[in-house]
>>> print(open('run_26.cif').read())   # mmCIF, C-alpha atoms
data_my_file
#
loop_
_atom_site.group_PDB
_atom_site.id
_atom_site.type_symbol
_atom_site.label_atom_id
_atom_site.label_comp_id
_atom_site.auth_asym_id
_atom_site.auth_seq_id
_atom_site.Cartn_x
_atom_site.Cartn_y
_atom_site.Cartn_z
ATOM 1 C CA MET A 1 17.308 -5.977 44.221
ATOM 2 C CA TRP A 2 17.526 -2.251 43.776
ATOM 3 C CA SER A 3 16.657 -0.054 46.701
ATOM 4 C CA GLU A 4 15.366 3.427 46.448
ATOM 5 C CA THR A 5 17.584 6.186 47.595
ATOM 6 C CA THR A 6 17.506 9.911 47.499
ATOM 7 C CA ALA A 7 20.507 12.053 46.831
ATOM 8 C CA THR A 8 20.794 15.671 46.024
ATOM 9 C CA THR A 9 23.957 15.512 43.933
ATOM 10 C CA THR A 10 25.472 12.944 41.630
ATOM 11 C CA SER A 11 28.468 12.297 43.826
ATOM 12 C CA THR A 12 26.399 11.480 46.848
ATOM 13 C CA ILE A 13 23.968 9.132 45.168
ATOM 14 C CA TRP A 14 26.251 6.162 45.553
ATOM 15 C CA THR A 15 26.631 6.869 49.194
ATOM 16 C CA GLY A 16 22.889 7.031 49.606
ATOM 17 C CA TRP A 17 22.355 3.813 47.732
ATOM 18 C CA SER A 18 25.061 2.020 49.674
ATOM 19 C CA SER A 19 23.631 3.099 52.988
ATOM 20 C CA SER A 20 20.206 1.780 52.160
ATOM 21 C CA THR A 21 21.696 -1.577 51.153
ATOM 22 C CA ASN A 22 23.977 -1.716 54.157
ATOM 23 C CA GLN A 23 27.117 -1.217 52.084
ATOM 24 C CA THR A 24 30.019 0.604 53.476
ATOM 25 C CA CYS A 25 30.894 3.235 51.024
ATOM 26 C CA THR A 26 32.762 6.416 50.524
ATOM 27 C CA SER A 27 31.361 9.258 48.524
ATOM 28 C CA THR A 28 32.986 8.532 45.134
ATOM 29 C CA SER A 29 31.548 6.156 42.581
ATOM 30 C CA CYS A 30 34.608 3.898 42.222
ATOM 31 C CA THR A 31 34.781 3.066 45.856
ATOM 32 C CA ALA A 32 31.054 2.437 45.922
ATOM 33 C CA TRP A 33 31.555 -0.376 43.477
ATOM 34 C CA ASP A 34 34.312 -1.744 45.590
ATOM 35 C CA ALA A 35 32.061 -1.730 48.575
ATOM 36 C CA TRP A 36 29.280 -3.424 46.722
ATOM 37 C CA ASN A 37 31.614 -6.035 45.357
ATOM 38 C CA THR A 38 33.043 -6.869 48.718
ATOM 39 C CA SER A 39 29.893 -8.715 49.586
ATOM 40 C CA SER A 40 29.929 -10.683 46.321
ATOM 41 C CA THR A 41 32.951 -10.375 44.078
ATOM 42 C CA SER A 42 35.207 -7.419 44.169
ATOM 43 C CA VAL A 43 36.185 -5.169 41.309
ATOM 44 C CA THR A 44 38.887 -2.603 41.373
ATOM 45 C CA SER A 45 39.025 -0.296 38.460
ATOM 46 C CA THR A 46 38.535 3.156 37.215
ATOM 47 C CA GLY A 47 34.935 4.164 36.420
ATOM 48 C CA ASP A 48 33.759 2.792 33.099
ATOM 49 C CA THR A 49 36.012 -0.254 32.822
ATOM 50 C CA VAL A 50 34.328 -1.797 35.848
ATOM 51 C CA PHE A 51 31.181 -2.240 33.839
ATOM 52 C CA VAL A 52 33.126 -3.633 30.904
ATOM 53 C CA GLN A 53 34.706 -6.259 33.074
ATOM 54 C CA TRP A 54 31.411 -7.119 34.691
ATOM 55 C CA VAL A 55 29.809 -7.602 31.284
ATOM 56 C CA THR A 56 32.735 -9.637 30.021
ATOM 57 C CA ASP A 57 32.979 -12.026 32.919
ATOM 58 C CA GLY A 58 29.474 -12.025 34.284
ATOM 59 C CA THR A 59 29.852 -12.016 38.034
ATOM 60 C CA GLY A 60 33.609 -11.715 38.000
ATOM 61 C CA SER A 61 36.533 -14.061 38.136
ATOM 62 C CA SER A 62 35.823 -17.686 38.770
ATOM 63 C CA THR A 63 39.034 -18.234 40.666
ATOM 64 C CA SER A 64 39.184 -15.154 42.759
ATOM 65 C CA ASN A 65 36.711 -12.828 44.340
ATOM 66 C CA ARG A 66 38.788 -9.858 43.366
ATOM 67 C CA ILE A 67 39.390 -8.649 39.837
ATOM 68 C CA THR A 68 41.651 -5.890 38.714
ATOM 69 C CA VAL A 69 40.839 -4.340 35.422
ATOM 70 C CA HIS A 70 43.489 -2.409 33.574
ATOM 71 C CA GLN A 71 42.170 -2.185 30.053
ATOM 72 C CA SER A 72 39.048 -1.195 28.287
ATOM 73 C CA VAL A 73 37.156 -3.962 26.499
ATOM 74 C CA PRO A 74 34.391 -3.444 23.939
ATOM 75 C CA ALA A 75 31.632 -4.635 26.197
ATOM 76 C CA TYR A 76 28.866 -4.658 23.622
ATOM 77 C CA GLY A 77 30.987 -6.578 21.149
ATOM 78 C CA ASN A 78 31.711 -9.202 23.762
ATOM 79 C CA TRP A 79 28.081 -9.412 24.686
ATOM 80 C CA VAL A 80 27.096 -9.937 21.057
ATOM 81 C CA ALA A 81 29.795 -12.569 20.638
ATOM 82 C CA ARG A 82 28.328 -14.448 23.585
ATOM 83 C CA GLN A 83 24.942 -14.593 21.830
ATOM 84 C CA GLU A 84 26.095 -17.053 19.183
ATOM 85 C CA GLU A 85 23.345 -19.157 17.681
ATOM 86 C CA THR A 86 23.089 -22.766 18.627
ATOM 87 C CA ARG A 87 23.037 -25.346 15.858
ATOM 88 C CA GLU A 88 19.259 -25.670 16.315
ATOM 89 C CA GLN A 89 18.745 -21.919 16.095
ATOM 90 C CA LYS A 90 20.835 -21.769 12.932
ATOM 91 C CA ALA A 91 18.815 -24.574 11.383
ATOM 92 C CA ALA A 92 15.532 -22.904 12.349
ATOM 93 C CA ARG A 93 16.684 -19.620 10.844
ATOM 94 C CA ALA A 94 17.768 -21.305 7.619
ATOM 95 C CA GLN A 95 14.423 -23.083 7.411
ATOM 96 C CA GLN A 96 12.522 -19.836 7.948
ATOM 97 C CA GLN A 97 14.535 -18.169 5.198
ATOM 98 C CA LEU A 98 13.766 -21.018 2.834
ATOM 99 C CA LYS A 99 10.078 -20.693 3.658
ATOM 100 C CA TRP A 100 10.139 -16.950 2.985
ATOM 101 C CA LYS A 101 11.916 -17.517 -0.320
ATOM 102 C CA ALA A 102 9.344 -20.104 -1.378
ATOM 103 C CA GLU A 103 6.484 -17.772 -0.435
ATOM 104 C CA GLN A 104 8.070 -14.938 -2.402
ATOM 105 C CA LYS A 105 8.463 -17.224 -5.404
ATOM 106 C CA GLU A 106 4.777 -18.146 -5.175
ATOM 107 C CA ARG A 107 3.763 -14.500 -5.004
ATOM 108 C CA ASP A 108 5.917 -13.667 -8.033
ATOM 109 C CA ALA A 109 4.416 -16.533 -10.013
ATOM 110 C CA ALA A 110 0.873 -15.439 -9.082
ATOM 111 C CA LYS A 111 1.704 -11.895 -10.146
ATOM 112 C CA GLN A 112 3.022 -13.133 -13.484
ATOM 113 C CA GLN A 113 -0.121 -15.182 -14.016
ATOM 114 C CA ALA A 114 -2.297 -12.195 -13.182
ATOM 115 C CA ARG A 115 -0.386 -10.032 -15.660
ATOM 116 C CA PHE A 116 -0.721 -12.710 -18.332
ATOM 117 C CA ARG A 117 -4.500 -12.856 -17.859
ATOM 118 C CA ALA A 118 -4.779 -9.089 -17.827
ATOM 119 C CA LYS A 119 -2.848 -8.779 -21.082
ATOM 120 C CA LYS A 120 -5.100 -11.373 -22.638
ATOM 121 C CA ILE A 121 -8.412 -9.769 -21.667
ATOM 122 C CA LEU A 122 -7.162 -6.332 -22.713
ATOM 123 C CA ALA A 123 -6.087 -7.683 -26.109
ATOM 124 C CA GLU A 124 -9.534 -9.239 -26.539
ATOM 125 C CA HIS A 125 -11.032 -5.765 -26.366
ATOM 126 C CA LEU A 126 -8.640 -3.901 -28.636
ATOM 127 C CA THR A 127 -8.804 -3.432 -32.376
ATOM 128 C CA GLY A 128 -5.894 -4.456 -34.589
ATOM 129 C CA VAL A 129 -4.576 -0.887 -34.718
ATOM 130 C CA GLN A 130 -4.843 -0.474 -30.966
ATOM 131 C CA LYS A 131 -2.919 -3.700 -30.415
ATOM 132 C CA GLN A 132 -0.217 -2.521 -32.802
ATOM 133 C CA THR A 133 0.342 0.841 -31.145
ATOM 134 C CA LEU A 134 0.238 -0.796 -27.733
ATOM 135 C CA GLU A 135 2.952 -3.199 -28.754
ATOM 136 C CA LYS A 136 5.128 -0.665 -30.540
ATOM 137 C CA GLU A 137 4.505 2.554 -28.642
ATOM 138 C CA GLY A 138 3.086 1.448 -25.294
ATOM 139 C CA TYR A 139 -0.283 3.198 -25.738
ATOM 140 C CA PHE A 140 -3.565 2.866 -27.590
ATOM 141 C CA ASP A 141 -6.040 5.482 -28.755
ATOM 142 C CA VAL A 142 -9.764 5.495 -28.078
ATOM 143 C CA GLN A 143 -12.286 7.530 -30.055
ATOM 144 C CA VAL A 144 -15.361 8.634 -28.156
ATOM 145 C CA VAL A 145 -18.068 10.873 -29.597
ATOM 146 C CA GLY A 146 -15.686 12.853 -31.766
ATOM 147 C CA ARG A 147 -12.990 13.104 -29.105
ATOM 148 C CA ASN A 148 -9.658 11.293 -29.145
ATOM 149 C CA PHE A 149 -8.072 9.847 -26.036
ATOM 150 C CA ARG A 150 -4.757 8.112 -25.566
ATOM 151 C CA ILE A 151 -4.161 5.579 -22.805
ATOM 152 C CA TYR A 152 -0.568 4.816 -21.863
ATOM 153 C CA ASN A 153 -0.130 1.311 -20.529
ATOM 154 C CA ASP A 154 3.026 1.938 -18.520
ATOM 155 C CA ARG A 155 1.648 3.571 -15.386
ATOM 156 C CA TYR A 156 -1.435 3.706 -13.181
ATOM 157 C CA GLN A 157 -1.735 7.426 -12.861
ATOM 158 C CA HIS A 158 -1.575 10.399 -15.181
ATOM 159 C CA ASN A 159 -1.755 8.065 -18.158
ATOM 160 C CA VAL A 160 -4.870 9.241 -20.013
ATOM 161 C CA PHE A 161 -4.694 12.171 -22.413
ATOM 162 C CA GLU A 162 -7.120 13.893 -24.706
ATOM 163 C CA LEU A 163 -5.644 14.781 -28.092
ATOM 164 C CA ASP A 164 -6.555 17.528 -30.535
ATOM 165 C CA ASP A 165 -6.979 16.988 -34.270
ATOM 166 C CA GLN A 166 -3.215 17.160 -34.777
ATOM 167 C CA GLY A 167 -2.599 14.512 -32.141
ATOM 168 C CA LYS A 168 -1.290 17.022 -29.633
ATOM 169 C CA LYS A 169 -2.094 16.417 -25.971
ATOM 170 C CA ILE A 170 -4.530 19.005 -24.703
ATOM 171 C CA ARG A 171 -5.786 17.491 -21.449
ATOM 172 C CA GLU A 172 -4.501 15.001 -18.940
ATOM 173 C CA PHE A 173 -6.805 12.826 -16.845
ATOM 174 C CA CYS A 174 -5.988 10.969 -13.700
ATOM 175 C CA ALA A 175 -8.412 8.303 -12.479
ATOM 176 C CA HIS A 176 -7.420 4.817 -11.529
ATOM 177 C CA THR A 177 -8.654 1.564 -10.059
ATOM 178 C CA SER A 178 -7.003 -0.281 -7.204
ATOM 179 C CA HIS A 179 -3.228 -0.507 -7.571
ATOM 180 C CA ALA A 180 -3.543 -4.188 -6.738
ATOM 181 C CA CYS A 181 -4.904 -4.781 -10.257
ATOM 182 C CA PRO A 182 -2.389 -5.618 -12.988
ATOM 183 C CA GLN A 183 -1.542 -2.725 -15.314
ATOM 184 C CA GLU A 184 -3.497 -4.067 -18.294
ATOM 185 C CA ASP A 185 -6.692 -4.506 -16.228
ATOM 186 C CA HIS A 186 -6.276 -0.940 -15.198
ATOM 187 C CA SER A 187 -5.930 0.226 -18.816
ATOM 188 C CA LEU A 188 -8.969 -1.859 -19.796
ATOM 189 C CA ALA A 189 -10.989 -0.280 -17.013
ATOM 190 C CA GLN A 190 -10.037 3.187 -18.273
ATOM 191 C CA LYS A 191 -10.923 2.239 -21.821
ATOM 192 C CA LEU A 192 -14.348 0.922 -20.766
ATOM 193 C CA MET A 193 -14.980 4.045 -18.732
ATOM 194 C CA LEU A 194 -14.049 6.342 -21.609
ATOM 195 C CA GLU A 195 -16.197 4.443 -24.090
ATOM 196 C CA HIS A 196 -19.234 3.780 -21.947
ATOM 197 C CA ALA A 197 -19.162 6.214 -19.067
ATOM 198 C CA LEU A 198 -17.243 9.260 -20.257
ATOM 199 C CA GLU A 199 -19.129 11.694 -18.071
ATOM 200 C CA ASN A 200 -18.615 9.515 -15.033
ATOM 201 C CA PHE A 201 -14.910 9.228 -15.840
ATOM 202 C CA GLN A 202 -14.578 12.996 -16.152
ATOM 203 C CA GLU A 203 -16.396 13.440 -12.868
ATOM 204 C CA ILE A 204 -14.018 11.134 -11.053
ATOM 205 C CA ALA A 205 -10.785 12.180 -12.693
ATOM 206 C CA ASN A 206 -8.499 15.018 -11.840
ATOM 207 C CA VAL A 207 -7.954 16.938 -15.055
ATOM 208 C CA TRP A 208 -5.116 19.131 -16.244
ATOM 209 C CA ASP A 209 -5.549 21.586 -19.075
ATOM 210 C CA LEU A 210 -2.230 21.204 -20.836
ATOM 211 C CA LYS A 211 -2.744 24.263 -23.027
ATOM 212 C CA GLY A 212 -3.130 26.659 -20.150
ATOM 213 C CA GLN A 213 -1.069 24.585 -17.710
ATOM 214 C CA ARG A 214 -3.946 24.677 -15.269
ATOM 215 C CA ARG A 215 -5.361 22.032 -13.069
ATOM 216 C CA LEU A 216 -9.080 21.553 -13.502
ATOM 217 C CA VAL A 217 -10.528 19.831 -10.484
ATOM 218 C CA SER A 218 -12.951 17.032 -11.301
ATOM 219 C CA GLN A 219 -16.546 17.867 -12.127
ATOM 220 C CA SER A 220 -17.746 16.218 -8.961
ATOM 221 C CA ARG A 221 -15.904 18.980 -7.184
ATOM 222 C CA GLN A 222 -17.889 21.657 -8.997
ATOM 223 C CA GLN A 223 -15.527 22.303 -11.904
ATOM 224 C CA LEU A 224 -13.266 24.515 -9.878
ATOM 225 C CA VAL A 225 -10.385 25.840 -11.854
ATOM 226 C CA LEU A 226 -7.129 26.283 -10.028
ATOM 227 C CA SER A 227 -4.296 28.326 -11.389
ATOM 228 C CA MET B 1 -21.598 -21.762 -11.316
ATOM 229 C CA THR B 2 -18.088 -22.459 -12.465
ATOM 230 C CA GLU B 3 -15.019 -20.266 -12.228
ATOM 231 C CA SER B 4 -12.488 -19.924 -14.980
ATOM 232 C CA HIS B 5 -9.933 -17.592 -16.465
ATOM 233 C CA GLU B 6 -11.355 -18.178 -19.953
ATOM 234 C CA TRP B 7 -14.610 -17.010 -21.479
ATOM 235 C CA PRO B 8 -16.995 -19.896 -22.083
ATOM 236 C CA THR B 9 -16.985 -21.246 -25.616
ATOM 237 C CA GLU B 10 -20.514 -22.707 -25.484
ATOM 238 C CA GLU B 11 -23.668 -20.709 -26.098
ATOM 239 C CA GLY B 12 -26.264 -20.115 -23.391
ATOM 240 C CA LYS B 13 -23.904 -19.004 -20.679
ATOM 241 C CA ILE B 14 -23.785 -15.897 -18.537
ATOM 242 C CA SER B 15 -20.264 -14.886 -17.674
ATOM 243 C CA ILE B 16 -18.952 -12.117 -15.486
ATOM 244 C CA ALA B 17 -15.252 -11.262 -15.521
ATOM 245 C CA VAL B 18 -14.256 -9.490 -12.336
ATOM 246 C CA LEU B 19 -11.030 -7.519 -12.521
ATOM 247 C CA GLY B 20 -8.843 -7.877 -9.471
ATOM 248 C CA SER B 21 -5.378 -8.439 -8.103
ATOM 249 C CA SER B 22 -5.076 -11.922 -9.588
ATOM 250 C CA GLY B 23 -6.136 -10.772 -13.030
ATOM 251 C CA ASP B 24 -9.710 -11.349 -14.089
ATOM 252 C CA THR B 25 -11.718 -14.235 -12.717
ATOM 253 C CA LYS B 26 -14.704 -15.315 -14.743
ATOM 254 C CA SER B 27 -17.779 -16.739 -13.100
ATOM 255 C CA ILE B 28 -19.986 -18.668 -15.473
ATOM 256 C CA TRP B 29 -23.630 -19.629 -15.085
ATOM 257 C CA ASP B 30 -26.072 -21.620 -17.166
ATOM 258 C CA LYS B 31 -28.648 -19.292 -18.659
ATOM 259 C CA SER B 32 -31.279 -22.043 -18.918
ATOM 260 C CA ASN B 33 -31.197 -22.743 -15.187
ATOM 261 C CA GLU B 34 -33.288 -20.275 -13.183
ATOM 262 C CA ASP B 35 -31.357 -20.826 -9.962
ATOM 263 C CA GLU B 36 -28.101 -20.149 -11.730
ATOM 264 C CA VAL B 37 -29.466 -16.965 -13.276
ATOM 265 C CA GLU B 38 -30.499 -15.823 -9.812
ATOM 266 C CA ASN B 39 -27.035 -16.602 -8.503
ATOM 267 C CA ALA B 40 -25.525 -14.564 -11.321
ATOM 268 C CA ARG B 41 -27.862 -11.683 -10.505
ATOM 269 C CA ASP B 42 -26.925 -11.951 -6.850
ATOM 270 C CA THR B 43 -23.205 -11.800 -7.666
ATOM 271 C CA PHE B 44 -23.790 -8.835 -9.947
ATOM 272 C CA ASP B 45 -25.760 -6.953 -7.294
ATOM 273 C CA LYS B 46 -23.224 -7.656 -4.567
ATOM 274 C CA LEU B 47 -20.370 -6.325 -6.684
ATOM 275 C CA LYS B 48 -22.389 -3.249 -7.658
ATOM 276 C CA LYS B 49 -22.982 -2.572 -3.976
ATOM 277 C CA LYS B 50 -19.251 -2.712 -3.436
ATOM 278 C CA GLY B 51 -18.865 0.032 -6.024
ATOM 279 C CA TYR B 52 -17.901 -2.054 -9.043
ATOM 280 C CA LEU B 53 -18.848 -0.709 -12.449
ATOM 281 C CA ALA B 54 -20.433 -3.165 -14.853
ATOM 282 C CA PHE B 55 -19.993 -3.257 -18.611
ATOM 283 C CA SER B 56 -21.583 -5.556 -21.101
ATOM 284 C CA VAL B 57 -19.081 -6.434 -23.820
ATOM 285 C CA ASN B 58 -19.417 -8.273 -27.088
ATOM 286 C CA LYS B 59 -17.663 -11.474 -28.036
ATOM 287 C CA ASP B 60 -15.800 -9.776 -30.852
ATOM 288 C CA GLY B 61 -14.423 -7.139 -28.488
ATOM 289 C CA SER B 62 -16.561 -4.382 -29.974
ATOM 290 C CA LYS B 63 -18.225 -1.800 -27.778
ATOM 291 C CA GLY B 64 -20.932 -2.849 -25.382
ATOM 292 C CA VAL B 65 -22.768 -0.748 -22.830
ATOM 293 C CA GLN B 66 -22.464 0.261 -19.211
ATOM 294 C CA MET B 67 -24.956 -1.639 -17.050
ATOM 295 C CA SER B 68 -26.761 -0.324 -14.050
ATOM 296 C CA THR B 69 -28.839 -3.464 -13.528
ATOM 297 C CA PHE B 70 -28.284 -7.123 -14.253
ATOM 298 C CA ASP B 71 -29.219 -8.308 -17.718
ATOM 299 C CA PRO B 72 -29.454 -12.095 -18.088
ATOM 300 C CA ASP B 73 -29.242 -11.703 -21.845
ATOM 301 C CA ALA B 74 -25.862 -10.015 -21.766
ATOM 302 C CA GLU B 75 -23.290 -12.273 -23.355
ATOM 303 C CA ARG B 76 -20.325 -11.188 -21.360
ATOM 304 C CA MET B 77 -19.891 -8.748 -18.555
ATOM 305 C CA ILE B 78 -16.791 -7.136 -17.137
ATOM 306 C CA MET B 79 -16.899 -5.695 -13.644
ATOM 307 C CA VAL B 80 -14.334 -3.085 -12.785
ATOM 308 C CA PRO B 81 -13.336 -2.011 -9.264
ATOM 309 C CA GLN B 82 -14.380 1.497 -8.342
ATOM 310 C CA MET B 83 -12.177 4.220 -9.773
ATOM 311 C CA GLN B 84 -10.847 7.236 -7.979
ATOM 312 C CA GLY B 85 -9.230 10.467 -9.000
ATOM 313 C CA GLY B 86 -5.454 10.463 -8.767
#
>>> encode(input="run_26.cif", output="structure tokens")
Amino acid sequence: MWSETTATTTSTIWTGWSSSTNQTCTSTSCTAWDAWNTSSTSVTSTGDTVFVQWVTDGTGSSTSNRITVHQSVPAYGNWVARQEETREQKAARAQQQLKWKAEQKERDAAKQQARFRAKKILAEHLTGVQKQTLEKEGYFDVQVVGRNFRIYNDRYQHNVFELDDQGKKIREFCAHTSHACPQEDHSLAQKLMLEHALENFQEIANVWDLKGQRRLVSQSRQQLVLS
Amino acid sequence: MTESHEWPTEEGKISIAVLGSSGDTKSIWDKSNEDEVENARDTFDKLKKKGYLAFSVNKDGSKGVQMSTFDPDAERMIMVPQMQGG
């Protein structure tokens, strides 16, 4: 057990500690160890190699109560080497890894299924032209009360644009559902919002005026215009 | 009520497709059964309370309408998780 001791300088702390544990000790750290070891096993060494030897051999030599250390040993490396797994531990770890792999495989399969369903329901709500551009270009256009919008199906955010008569992007909208939804569900949600709840969509979305390179904060935030 | 990933092929059904992390899940009720209609209404209302947006869509994929209240005569409904500005 450790005993409390008080010392005013580093060199005297060992002396203080030794006194409180009834060790005979001089005032330098090396001899303090010697003194301590006399009552159990004895170590003679210079400063830091004492610890190395202690770590390497546990309580010291099994044949002698006095050890002389002359070389430095990578104590941590030895300690790690001593922590070798047992056969049972290895088997348990291998089993756990197999379990994790199987779970990952299940998650991947579920994700693929979700994506498949999402693609299907999106396709059910697209016209022939929309399906074509989606397949070839990765987007589809939506016409709403005389305005043209383009939805890109390759990202959750910043993927809705308003186009002018020449097909040039004039505004960018950013509004999205949960990222947990597959991409195509997300695009379908945006399409439904544009077609049936345009005002609501504009209220929710952050909007960028691409002509003036300005960010127009959503309507729900009082149509503030930031430069 | 039955759950499926396909729209029902028979007439006289109420179906709600809820978009979510596993793709859409469709809940299907029998329109001629009052209890089932009430269950469908209950599901609709619960999702609306959670912030879902409801759209009635047509079988041919053509435009439907946004719904604020449950309509037992709607052929197909899609419920979309709440959106937020990005």
>>> residues_around(input="run_26.cif", residues="Leu126 of chain A", least_positions_apart="6", cutoff="10 Å", atoms="all atoms listed in the file", output="ChimeraX atom specification")
/A:132,134,140-142,188,191 /B:60-63
>>> closest_residue(input="run_26.cif", among="B:Ser68, B:Ser21, B:Ser27, B:Ser56", to="chain A", atoms="all atoms listed in the file")
B:Ser21
>>> resolve_selection(input="run_26.cif", expression="the PyMOL selection byres ((chain B) within 12 of (chain A))", output="JSON, numbers by chain")
{"B": [4, 5, 6, 7, 17, 18, 19, 20, 21, 22, 23, 24, 25, 26, 51, 52, 53, 54, 55, 56, 57, 58, 59, 60, 61, 62, 63, 64, 65, 66, 67, 68, 76, 77, 78, 79, 80, 81, 82, 83, 84, 85, 86]}
>>> resolve_selection(input="run_26.cif", expression="the PyMOL selection byres ((chain B and resi 32-34) around 12)", output="list in words")
Met1, Glu11, Gly12, Lys13, Ile14, Ile28, Trp29, Asp30, Lys31, Asp35, Glu36, Val37, Glu38, Asn39, Ala40, Arg41, Pro72 and Asp73 of chain B
>>> residues_around(input="run_26.cif", residues="Asp165 of chain A", least_positions_apart="5", cutoff="10 Å", atoms="only C-alpha atoms", output="list in words")
Gly146, Arg147 and Asn148 of chain A
>>> atom_distance(input="run_26.cif", atom1="atom CA of Phe149 of chain A", atom2="atom CA of Gly167 of chain A")
9.4 Å
